[in-house]
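Heads up, work33.cif below (mmCIF, C-alpha atoms):
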data_final
#
loop_
_atom_site.group_PDB
_atom_site.id
_atom_site.type_symbol
_atom_site.label_atom_id
_atom_site.label_comp_id
_atom_site.auth_asym_id
_atom_site.auth_seq_id
_atom_site.Cartn_x
_atom_site.Cartn_y
_atom_site.Cartn_z
ATOM 1 C CA MET X 23 -102.097 1.895 189.018
ATOM 2 C CA ILE X 24 -101.077 2.083 185.386
ATOM 3 C CA LYS X 25 -103.009 -0.312 183.264
ATOM 4 C CA THR X 26 -101.301 -1.957 180.348
ATOM 5 C CA GLY X 27 -102.849 -3.726 177.396
ATOM 6 C CA PRO X 28 -102.440 -7.431 176.649
ATOM 7 C CA LYS X 29 -99.011 -8.537 175.579
ATOM 8 C CA PRO X 30 -98.767 -9.004 171.795
ATOM 9 C CA VAL X 31 -98.296 -12.506 170.502
ATOM 10 C CA LYS X 32 -94.751 -12.957 169.343
ATOM 11 C CA SER X 33 -94.821 -13.905 165.688
ATOM 12 C CA LEU X 34 -92.422 -16.337 164.139
ATOM 13 C CA HIS X 35 -90.615 -15.181 161.032
ATOM 14 C CA TRP X 36 -88.302 -16.870 158.587
ATOM 15 C CA ARG X 37 -84.776 -15.527 158.803
ATOM 16 C CA ALA X 38 -83.411 -15.169 155.307
ATOM 17 C CA ASP X 39 -79.814 -16.113 154.656
ATOM 18 C CA PRO X 40 -77.620 -13.210 153.486
ATOM 19 C CA VAL X 41 -77.254 -13.156 149.720
ATOM 20 C CA SER X 42 -73.748 -12.902 148.300
ATOM 21 C CA MET X 43 -72.495 -12.716 144.722
ATOM 22 C CA GLU X 44 -71.368 -16.317 145.089
ATOM 23 C CA ASP X 45 -74.938 -17.307 146.020
ATOM 24 C CA VAL X 46 -76.294 -15.543 142.927
ATOM 25 C CA SER X 47 -73.797 -17.359 140.699
ATOM 26 C CA GLN X 48 -74.597 -20.718 142.277
ATOM 27 C CA GLU X 49 -78.324 -20.054 142.008
ATOM 28 C CA GLU X 50 -78.023 -19.447 138.257
ATOM 29 C CA GLU X 51 -75.935 -22.593 137.790
ATOM 30 C CA ILE X 52 -78.433 -24.698 139.747
ATOM 31 C CA LYS X 53 -81.283 -23.307 137.629
ATOM 32 C CA VAL X 54 -79.386 -24.333 134.481
ATOM 33 C CA LEU X 55 -78.716 -27.754 136.019
ATOM 34 C CA GLU X 56 -82.433 -28.234 136.668
ATOM 35 C CA ILE X 57 -83.234 -27.406 133.038
ATOM 36 C CA LYS X 58 -80.544 -29.798 131.769
ATOM 37 C CA ILE X 59 -81.779 -32.662 133.964
ATOM 38 C CA HIS X 60 -85.311 -32.155 132.663
ATOM 39 C CA GLN X 61 -84.081 -32.098 129.055
ATOM 40 C CA LEU X 62 -81.942 -35.182 129.670
ATOM 41 C CA LYS X 63 -84.985 -37.037 131.002
ATOM 42 C CA LEU X 64 -86.939 -36.151 127.858
ATOM 43 C CA ASP X 65 -84.036 -37.172 125.591
ATOM 44 C CA TYR X 66 -83.720 -40.577 127.268
ATOM 45 C CA GLU X 67 -87.448 -41.168 126.933
ATOM 46 C CA LYS X 68 -87.210 -40.349 123.210
ATOM 47 C CA TYR X 69 -84.242 -42.709 122.877
ATOM 48 C CA PHE X 70 -86.012 -45.571 124.624
ATOM 49 C CA LEU X 71 -89.156 -44.954 122.533
ATOM 50 C CA GLY X 72 -87.099 -45.079 119.334
ATOM 51 C CA THR X 73 -87.681 -41.468 118.246
ATOM 52 C CA ARG X 74 -84.080 -40.473 119.007
ATOM 53 C CA PRO X 75 -81.285 -42.380 117.206
ATOM 54 C CA THR X 76 -78.560 -42.116 119.864
ATOM 55 C CA GLU X 77 -78.258 -42.087 123.623
ATOM 56 C CA PRO X 78 -77.824 -38.510 125.005
ATOM 57 C CA ALA X 79 -74.420 -39.396 126.421
ATOM 58 C CA MET X 80 -72.870 -35.943 125.971
ATOM 59 C CA THR X 81 -75.633 -34.144 127.871
ATOM 60 C CA ARG X 82 -75.474 -36.780 130.588
ATOM 61 C CA ALA X 83 -71.709 -36.277 130.927
ATOM 62 C CA GLU X 84 -72.225 -32.516 131.310
ATOM 63 C CA VAL X 85 -74.894 -33.004 133.957
ATOM 64 C CA GLN X 86 -72.782 -35.588 135.788
ATOM 65 C CA LYS X 87 -69.794 -33.236 135.811
ATOM 66 C CA THR X 88 -71.899 -30.401 137.273
ATOM 67 C CA VAL X 89 -73.438 -32.690 139.902
ATOM 68 C CA ILE X 90 -70.013 -33.919 141.015
ATOM 69 C CA ARG X 91 -68.666 -30.369 141.172
ATOM 70 C CA PHE X 92 -71.541 -29.140 143.337
ATOM 71 C CA SER X 93 -71.332 -32.262 145.508
ATOM 72 C CA ASN X 94 -67.744 -31.262 146.313
ATOM 73 C CA THR X 95 -68.552 -27.558 146.706
ATOM 74 C CA ARG X 96 -69.564 -25.900 149.960
ATOM 75 C CA ILE X 97 -72.966 -24.290 149.383
ATOM 76 C CA THR X 98 -73.430 -21.829 152.250
ATOM 77 C CA ASN X 99 -76.939 -20.703 151.327
ATOM 78 C CA THR X 100 -79.390 -23.118 152.988
ATOM 79 C CA ALA X 101 -82.095 -22.780 150.332
ATOM 80 C CA LEU X 102 -79.632 -23.377 147.482
ATOM 81 C CA ARG X 103 -78.109 -26.379 149.245
ATOM 82 C CA PHE X 104 -81.557 -27.876 149.735
ATOM 83 C CA LYS X 105 -82.449 -27.177 146.089
ATOM 84 C CA PHE X 106 -79.302 -28.917 144.846
ATOM 85 C CA ASN X 107 -79.818 -31.912 147.149
ATOM 86 C CA SER X 108 -83.362 -32.300 145.826
ATOM 87 C CA LEU X 109 -82.177 -32.109 142.207
ATOM 88 C CA ASN X 110 -79.377 -34.566 142.872
ATOM 89 C CA GLY X 111 -81.777 -37.037 144.482
ATOM 90 C CA ARG X 112 -84.065 -36.831 141.460
ATOM 91 C CA TYR X 113 -81.129 -37.202 139.047
ATOM 92 C CA GLN X 114 -79.801 -40.290 140.856
ATOM 93 C CA ALA X 115 -83.266 -41.887 140.649
ATOM 94 C CA PHE X 116 -83.384 -41.161 136.909
ATOM 95 C CA LYS X 117 -79.892 -42.631 136.440
ATOM 96 C CA ARG X 118 -80.897 -45.915 138.067
ATOM 97 C CA ARG X 119 -83.917 -46.166 135.784
ATOM 98 C CA TRP X 120 -81.925 -45.294 132.652
ATOM 99 C CA ASP X 121 -79.103 -47.718 133.450
ATOM 100 C CA LEU X 122 -81.588 -50.526 134.068
ATOM 101 C CA THR X 123 -83.188 -49.946 130.669
ATOM 102 C CA LEU X 124 -79.773 -49.697 128.978
ATOM 103 C CA ARG X 125 -78.777 -53.057 130.484
ATOM 104 C CA GLN X 126 -81.999 -54.572 129.180
ATOM 105 C CA ILE X 127 -81.239 -53.237 125.688
ATOM 106 C CA GLU X 128 -77.717 -54.654 125.842
ATOM 107 C CA ALA X 129 -78.992 -58.034 127.020
ATOM 108 C CA GLY X 130 -81.690 -58.128 124.359
ATOM 109 C CA SER X 131 -84.496 -58.275 126.924
ATOM 110 C CA TYR X 132 -85.770 -54.737 126.402
ATOM 111 C CA LYS X 133 -89.401 -54.484 125.295
ATOM 112 C CA ARG X 134 -90.334 -51.086 123.931
ATOM 113 C CA HIS X 135 -94.072 -51.582 124.428
ATOM 114 C CA VAL X 136 -93.471 -52.265 128.129
ATOM 115 C CA PHE X 137 -91.488 -49.026 128.456
ATOM 116 C CA LYS X 138 -94.310 -47.135 126.713
ATOM 117 C CA ALA X 139 -96.851 -48.590 129.133
ATOM 118 C CA ASP X 140 -94.688 -47.703 132.143
ATOM 119 C CA LEU X 141 -94.173 -44.193 130.793
ATOM 120 C CA ARG X 142 -97.923 -43.708 130.351
ATOM 121 C CA ASP X 143 -98.489 -44.906 133.925
ATOM 122 C CA ARG X 144 -95.899 -42.457 135.271
ATOM 123 C CA GLU X 145 -97.446 -39.617 133.262
ATOM 124 C CA ARG X 146 -100.896 -40.432 134.619
ATOM 125 C CA GLU X 147 -99.539 -40.492 138.186
ATOM 126 C CA SER X 148 -97.806 -37.141 137.637
ATOM 127 C CA ALA X 149 -100.979 -35.625 136.204
ATOM 128 C CA ALA X 150 -102.982 -36.900 139.179
ATOM 129 C CA GLU X 151 -100.449 -35.410 141.606
ATOM 130 C CA ILE X 152 -100.554 -32.036 139.809
ATOM 131 C CA LYS X 153 -104.356 -32.067 139.864
ATOM 132 C CA THR X 154 -104.367 -32.911 143.570
ATOM 133 C CA SER X 155 -101.775 -30.229 144.302
ATOM 134 C CA ARG X 156 -103.849 -27.585 142.517
ATOM 135 C CA ALA X 157 -106.962 -28.617 144.383
ATOM 136 C CA GLY X 158 -105.018 -28.501 147.642
ATOM 137 C CA ALA X 159 -103.654 -25.066 146.882
ATOM 138 C CA ALA X 160 -107.175 -23.788 146.247
ATOM 139 C CA SER X 161 -108.308 -25.100 149.633
ATOM 140 C CA SER X 162 -105.134 -23.871 151.417
ATOM 141 C CA ASP X 163 -104.169 -27.414 152.341
ATOM 142 C CA PRO X 164 -100.440 -27.296 153.238
ATOM 143 C CA GLY X 165 -100.016 -31.070 153.251
ATOM 144 C CA VAL X 166 -100.616 -31.331 149.520
ATOM 145 C CA ASP X 167 -98.375 -28.412 148.556
ATOM 146 C CA ILE X 168 -95.172 -29.630 150.214
ATOM 147 C CA PHE X 169 -95.453 -33.401 149.831
ATOM 148 C CA GLU X 170 -93.169 -33.629 146.787
ATOM 149 C CA THR X 171 -90.636 -31.246 148.342
ATOM 150 C CA TYR X 172 -90.536 -33.339 151.519
ATOM 151 C CA ARG X 173 -90.205 -36.591 149.560
ATOM 152 C CA ASP X 174 -87.456 -35.187 147.297
ATOM 153 C CA ALA X 175 -85.560 -33.985 150.362
ATOM 154 C CA MET X 176 -85.723 -37.447 151.949
ATOM 155 C CA LEU X 177 -84.393 -39.047 148.769
ATOM 156 C CA ALA X 178 -81.670 -36.419 148.427
ATOM 157 C CA THR X 179 -80.434 -37.084 151.966
ATOM 158 C CA GLY X 180 -80.482 -40.867 151.547
ATOM 159 C CA GLN X 181 -83.527 -41.490 153.759
ATOM 160 C CA ASP X 182 -86.130 -44.153 153.053
ATOM 161 C CA ALA X 183 -89.246 -42.451 151.672
ATOM 162 C CA SER X 184 -91.137 -45.665 150.868
ATOM 163 C CA GLY X 185 -93.377 -45.302 153.932
ATOM 164 C CA LEU X 186 -94.194 -41.642 153.278
ATOM 165 C CA THR X 187 -97.629 -40.959 151.847
ATOM 166 C CA ARG X 188 -99.478 -37.756 151.074
ATOM 167 C CA ALA X 189 -102.150 -38.645 153.638
ATOM 168 C CA LYS X 190 -99.624 -39.269 156.438
ATOM 169 C CA LEU X 191 -97.824 -35.968 155.861
ATOM 170 C CA GLN X 192 -101.097 -34.084 155.586
ATOM 171 C CA SER X 193 -102.314 -35.586 158.873
ATOM 172 C CA ALA X 194 -99.085 -34.669 160.678
ATOM 173 C CA ILE X 195 -99.248 -31.091 159.395
ATOM 174 C CA LYS X 196 -102.867 -30.625 160.459
ATOM 175 C CA LYS X 197 -102.071 -31.813 163.998
ATOM 176 C CA GLN X 198 -99.134 -29.392 164.296
ATOM 177 C CA GLU X 199 -101.171 -26.594 162.736
ATOM 178 C CA ALA X 200 -104.008 -26.907 165.275
ATOM 179 C CA ALA X 201 -101.597 -26.952 168.229
ATOM 180 C CA LEU X 202 -99.602 -23.939 166.982
ATOM 181 C CA LYS X 203 -102.711 -21.877 166.216
ATOM 182 C CA LYS X 204 -103.847 -22.406 169.807
ATOM 183 C CA LYS X 205 -100.396 -21.689 171.247
ATOM 184 C CA PHE X 206 -99.655 -18.482 169.335
ATOM 185 C CA GLY X 207 -103.189 -17.232 168.764
ATOM 186 C CA CYS X 208 -102.671 -16.917 165.025
ATOM 187 C CA GLU X 209 -105.095 -17.627 162.201
ATOM 188 C CA ARG X 210 -102.626 -19.292 159.858
ATOM 189 C CA VAL X 211 -99.481 -21.383 160.160
ATOM 190 C CA ASP X 212 -96.942 -21.639 157.331
ATOM 191 C CA PHE X 213 -94.789 -24.740 156.931
ATOM 192 C CA LYS X 214 -91.425 -25.127 155.244
ATOM 193 C CA VAL X 215 -89.276 -28.185 154.566
ATOM 194 C CA VAL X 216 -85.771 -27.920 156.004
ATOM 195 C CA VAL X 217 -82.817 -30.264 156.396
ATOM 196 C CA GLN X 218 -81.133 -30.216 159.816
ATOM 197 C CA ASP X 219 -78.271 -32.529 160.746
ATOM 198 C CA GLY X 220 -79.010 -34.639 157.686
ATOM 199 C CA LYS X 221 -82.653 -35.130 158.683
ATOM 200 C CA VAL X 222 -85.683 -33.733 156.874
ATOM 201 C CA ARG X 223 -88.039 -31.746 159.100
ATOM 202 C CA LEU X 224 -91.003 -29.409 158.906
ATOM 203 C CA LYS X 225 -90.428 -25.886 160.193
ATOM 204 C CA ALA X 226 -93.497 -23.897 161.219
ATOM 205 C CA ALA X 227 -94.092 -20.166 161.560
ATOM 206 C CA ALA X 228 -97.142 -18.088 162.411
ATOM 207 C CA GLY X 229 -98.548 -16.695 159.179
ATOM 208 C CA SER X 230 -99.018 -12.983 158.700
#
In structure tokens, write the structure found in this file.
Amino acid sequence: MIKTGPKPVKSLHWRADPVSMEDVSQEEEIKVLEIKIHQLKLDYEKYFLGTRPTEPAMTRAEVQKTVIRFSNTRITNTALRFKFNSLNGRYQAFKRRWDLTLRQIEAGSYKRHVFKADLRDRERESAAEIKTSRAGAASSDPGVDIFETYRDAMLATGQDASGLTRAKLQSAIKKQEAALKKKFGCERVDFKVVVQDGKVRLKAAAGS
């Protein structure tokens, strides 16, 4: 009788999408779009705080034009499509906030000190999230690392993210992680946020 060793555990691997010249071009444009959205956010904050004399209307028009163009363009690369959807969701949220403040200015009900207080609160929340994310990364806690990506994806696809919390996502990931470690006999499980059929999901793979 010929003895054979134990069957190896079949590892799960991410399958990368093929990269084309069109993907490279789109990737560069999306990177530029991300930079412009960030700069536009800063310019609006300066305008609302009174340190910028005019509304950044020209930059906003450029960003809006790029967003519309990509919204009507078929992005074949899954990662790039997800990246754009996340950026678009963030931009739409910014637009709603800016337009609300602009209406308040036009109606004469805008209070600069209130905007400053809200801005400080948002900055403190962002700093707390960054601090938590760094702590989570140091402890290899996957729930902390992908929370913002998951939330941005939900917003970008028009889903209600109001009930999503860092603790809930972290709990769900830990449950899946324990089950997959037992099933595949691996020491680590990697998670990735994907969008399938318009729904945001977590995709797991055995870590190397």
Counting all atoms listed in the file, the option among X:Lys190, X:Arg210, X:Arg173, X:Lys196 closest to X:Ser108: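 Checking each of X:Lys190, X:Arg210, X:Arg173, X:Lys196 against X:Ser108, counting all atoms listed in the file, the winner is X:Arg173.
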Apply the PyMOL selection byres ((chain X and resi 124) around 12) to the file shown and report the selected residues as a VMD selection string. chain X and resid 66 to 67 69 to 70 76 to 77 79 117 to 123 125 to 134 137
For the atom pair atom CA of X:Lys58 and atom CA of X:Arg96, what is the interatomic distance in Å to one decimal place? 21.6 Å
Quick check, in Å to one decimal: how far apart do atom CA of X:Ile52 and atom CA of X:Thr171 lie?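 Spanning atom CA of X:Ile52 to atom CA of X:Thr171 is a straight-line distance of 16.3 Å.
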Using the chain letters and numbers from the file, give me the residues hit by the PyMOL selection byres ((chain X and resi 221) around 12), as a VMD selection string. chain X and resid 104 172 to 173 175 to 182 215 to 220 222 to 224
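One finds atom CA of X:Gln114 at 26.9 Å from atom CA of X:Phe213.
Among the candidates X:Gly185, X:Ala228, X:Ile168, X:Lys105, the one nearest to X:Gly207 when counting only C-alpha atoms is X:Ala228.
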Only N, CA and C atoms needed: put stretch 77-122 of chain X from the block into a file as a tab-separated table (two decimals), in the first residue's frame.
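As written to disk, result-v3.tsv reads:
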chain	number	residue	atom	x	y	z
X	77	GLU	N	-16.18	82.02	-3.17
X	77	GLU	CA	-16.49	80.60	-3.20
X	77	GLU	C	-15.65	79.93	-4.30
X	78	PRO	N	-15.11	78.73	-4.04
X	78	PRO	CA	-14.29	78.04	-5.06
X	78	PRO	C	-15.15	77.40	-6.15
X	79	ALA	N	-15.90	78.23	-6.84
X	79	ALA	CA	-16.86	77.74	-7.83
X	79	ALA	C	-16.19	77.09	-9.03
X	80	MET	N	-15.04	77.62	-9.46
X	80	MET	CA	-14.37	77.08	-10.64
X	80	MET	C	-13.85	75.66	-10.37
X	81	THR	N	-13.23	75.47	-9.21
X	81	THR	CA	-12.72	74.15	-8.86
X	81	THR	C	-13.87	73.16	-8.72
X	82	ARG	N	-14.97	73.64	-8.13
X	82	ARG	CA	-16.13	72.76	-7.98
X	82	ARG	C	-16.70	72.35	-9.33
X	83	ALA	N	-16.71	73.28	-10.29
X	83	ALA	CA	-17.22	72.96	-11.63
X	83	ALA	C	-16.34	71.91	-12.30
X	84	GLU	N	-15.02	72.02	-12.10
X	84	GLU	CA	-14.09	71.04	-12.68
X	84	GLU	C	-14.32	69.66	-12.08
X	85	VAL	N	-14.46	69.63	-10.76
X	85	VAL	CA	-14.69	68.36	-10.08
X	85	VAL	C	-16.01	67.75	-10.52
X	86	GLN	N	-17.05	68.59	-10.59
X	86	GLN	CA	-18.38	68.11	-10.98
X	86	GLN	C	-18.34	67.53	-12.40
X	87	LYS	N	-17.62	68.19	-13.29
X	87	LYS	CA	-17.52	67.72	-14.67
X	87	LYS	C	-16.85	66.35	-14.73
X	88	THR	N	-15.77	66.18	-13.93
X	88	THR	CA	-15.05	64.90	-13.91
X	88	THR	C	-15.92	63.80	-13.31
X	89	VAL	N	-16.66	64.13	-12.25
X	89	VAL	CA	-17.53	63.15	-11.61
X	89	VAL	C	-18.62	62.68	-12.57
X	90	ILE	N	-19.22	63.62	-13.29
X	90	ILE	CA	-20.26	63.26	-14.26
X	90	ILE	C	-19.69	62.40	-15.37
X	91	ARG	N	-18.50	62.75	-15.84
X	91	ARG	CA	-17.88	61.98	-16.93
X	91	ARG	C	-17.62	60.54	-16.49
X	92	PHE	N	-17.06	60.36	-15.29
X	92	PHE	CA	-16.78	59.01	-14.82
X	92	PHE	C	-18.06	58.25	-14.49
X	93	SER	N	-19.09	58.98	-14.07
X	93	SER	CA	-20.37	58.32	-13.77
X	93	SER	C	-20.99	57.73	-15.04
X	94	ASN	N	-20.66	58.34	-16.19
X	94	ASN	CA	-21.19	57.87	-17.47
X	94	ASN	C	-20.16	57.05	-18.26
X	95	THR	N	-19.06	56.69	-17.59
X	95	THR	CA	-18.01	55.91	-18.24
X	95	THR	C	-17.98	54.51	-17.65
X	96	ARG	N	-17.79	53.53	-18.49
X	96	ARG	CA	-17.69	52.14	-18.02
X	96	ARG	C	-16.28	51.90	-17.49
X	97	ILE	N	-16.17	51.68	-16.18
X	97	ILE	CA	-14.88	51.40	-15.55
X	97	ILE	C	-14.80	49.88	-15.36
X	98	THR	N	-13.98	49.23	-16.17
X	98	THR	CA	-13.93	47.76	-16.16
X	98	THR	C	-13.14	47.21	-14.98
X	99	ASN	N	-12.15	47.96	-14.52
X	99	ASN	CA	-11.34	47.50	-13.40
X	99	ASN	C	-12.14	47.63	-12.10
X	100	THR	N	-12.33	46.51	-11.40
X	100	THR	CA	-13.17	46.50	-10.20
X	100	THR	C	-12.65	47.43	-9.12
X	101	ALA	N	-11.35	47.42	-8.88
X	101	ALA	CA	-10.77	48.25	-7.83
X	101	ALA	C	-10.94	49.73	-8.14
X	102	LEU	N	-10.75	50.11	-9.42
X	102	LEU	CA	-10.91	51.51	-9.81
X	102	LEU	C	-12.37	51.95	-9.71
X	103	ARG	N	-13.27	51.05	-10.10
X	103	ARG	CA	-14.70	51.39	-10.00
X	103	ARG	C	-15.12	51.60	-8.55
X	104	PHE	N	-14.62	50.75	-7.67
X	104	PHE	CA	-14.91	50.89	-6.25
X	104	PHE	C	-14.32	52.20	-5.70
X	105	LYS	N	-13.09	52.50	-6.12
X	105	LYS	CA	-12.43	53.74	-5.67
X	105	LYS	C	-13.22	54.96	-6.10
X	106	PHE	N	-13.67	54.98	-7.37
X	106	PHE	CA	-14.46	56.12	-7.83
X	106	PHE	C	-15.78	56.23	-7.09
X	107	ASN	N	-16.47	55.10	-6.89
X	107	ASN	CA	-17.74	55.13	-6.18
X	107	ASN	C	-17.58	55.67	-4.76
X	108	SER	N	-16.48	55.31	-4.11
X	108	SER	CA	-16.22	55.81	-2.76
X	108	SER	C	-15.98	57.33	-2.78
X	109	LEU	N	-15.18	57.78	-3.74
X	109	LEU	CA	-14.91	59.22	-3.88
X	109	LEU	C	-16.19	59.99	-4.19
X	110	ASN	N	-17.00	59.44	-5.08
X	110	ASN	CA	-18.24	60.11	-5.45
X	110	ASN	C	-19.18	60.21	-4.26
X	111	GLY	N	-19.26	59.14	-3.47
X	111	GLY	CA	-20.11	59.18	-2.28
X	111	GLY	C	-19.67	60.24	-1.30
X	112	ARG	N	-18.36	60.37	-1.13
X	112	ARG	CA	-17.81	61.40	-0.23
X	112	ARG	C	-18.09	62.80	-0.79
X	113	TYR	N	-17.90	62.96	-2.11
X	113	TYR	CA	-18.12	64.26	-2.74
X	113	TYR	C	-19.59	64.69	-2.62
X	114	GLN	N	-20.51	63.76	-2.83
X	114	GLN	CA	-21.94	64.09	-2.73
X	114	GLN	C	-22.30	64.52	-1.31
X	115	ALA	N	-21.68	63.88	-0.30
X	115	ALA	CA	-21.92	64.26	1.09
X	115	ALA	C	-21.39	65.67	1.36
X	116	PHE	N	-20.21	65.97	0.81
X	116	PHE	CA	-19.65	67.32	0.95
X	116	PHE	C	-20.57	68.36	0.30
X	117	LYS	N	-21.06	68.04	-0.91
X	117	LYS	CA	-21.92	68.97	-1.64
X	117	LYS	C	-23.16	69.33	-0.83
X	118	ARG	N	-23.78	68.34	-0.22
X	118	ARG	CA	-24.98	68.61	0.59
X	118	ARG	C	-24.66	69.55	1.74
X	119	ARG	N	-23.51	69.34	2.36
X	119	ARG	CA	-23.11	70.20	3.48
X	119	ARG	C	-22.80	71.61	3.00
X	120	TRP	N	-22.08	71.73	1.87
X	120	TRP	CA	-21.74	73.05	1.34
X	120	TRP	C	-23.00	73.82	0.94
X	121	ASP	N	-23.89	73.14	0.22
X	121	ASP	CA	-25.10	73.81	-0.27
X	121	ASP	C	-25.99	74.27	0.89
X	122	LEU	N	-26.03	73.49	1.96
X	122	LEU	CA	-26.80	73.89	3.13
X	122	LEU	C	-26.23	75.17	3.73
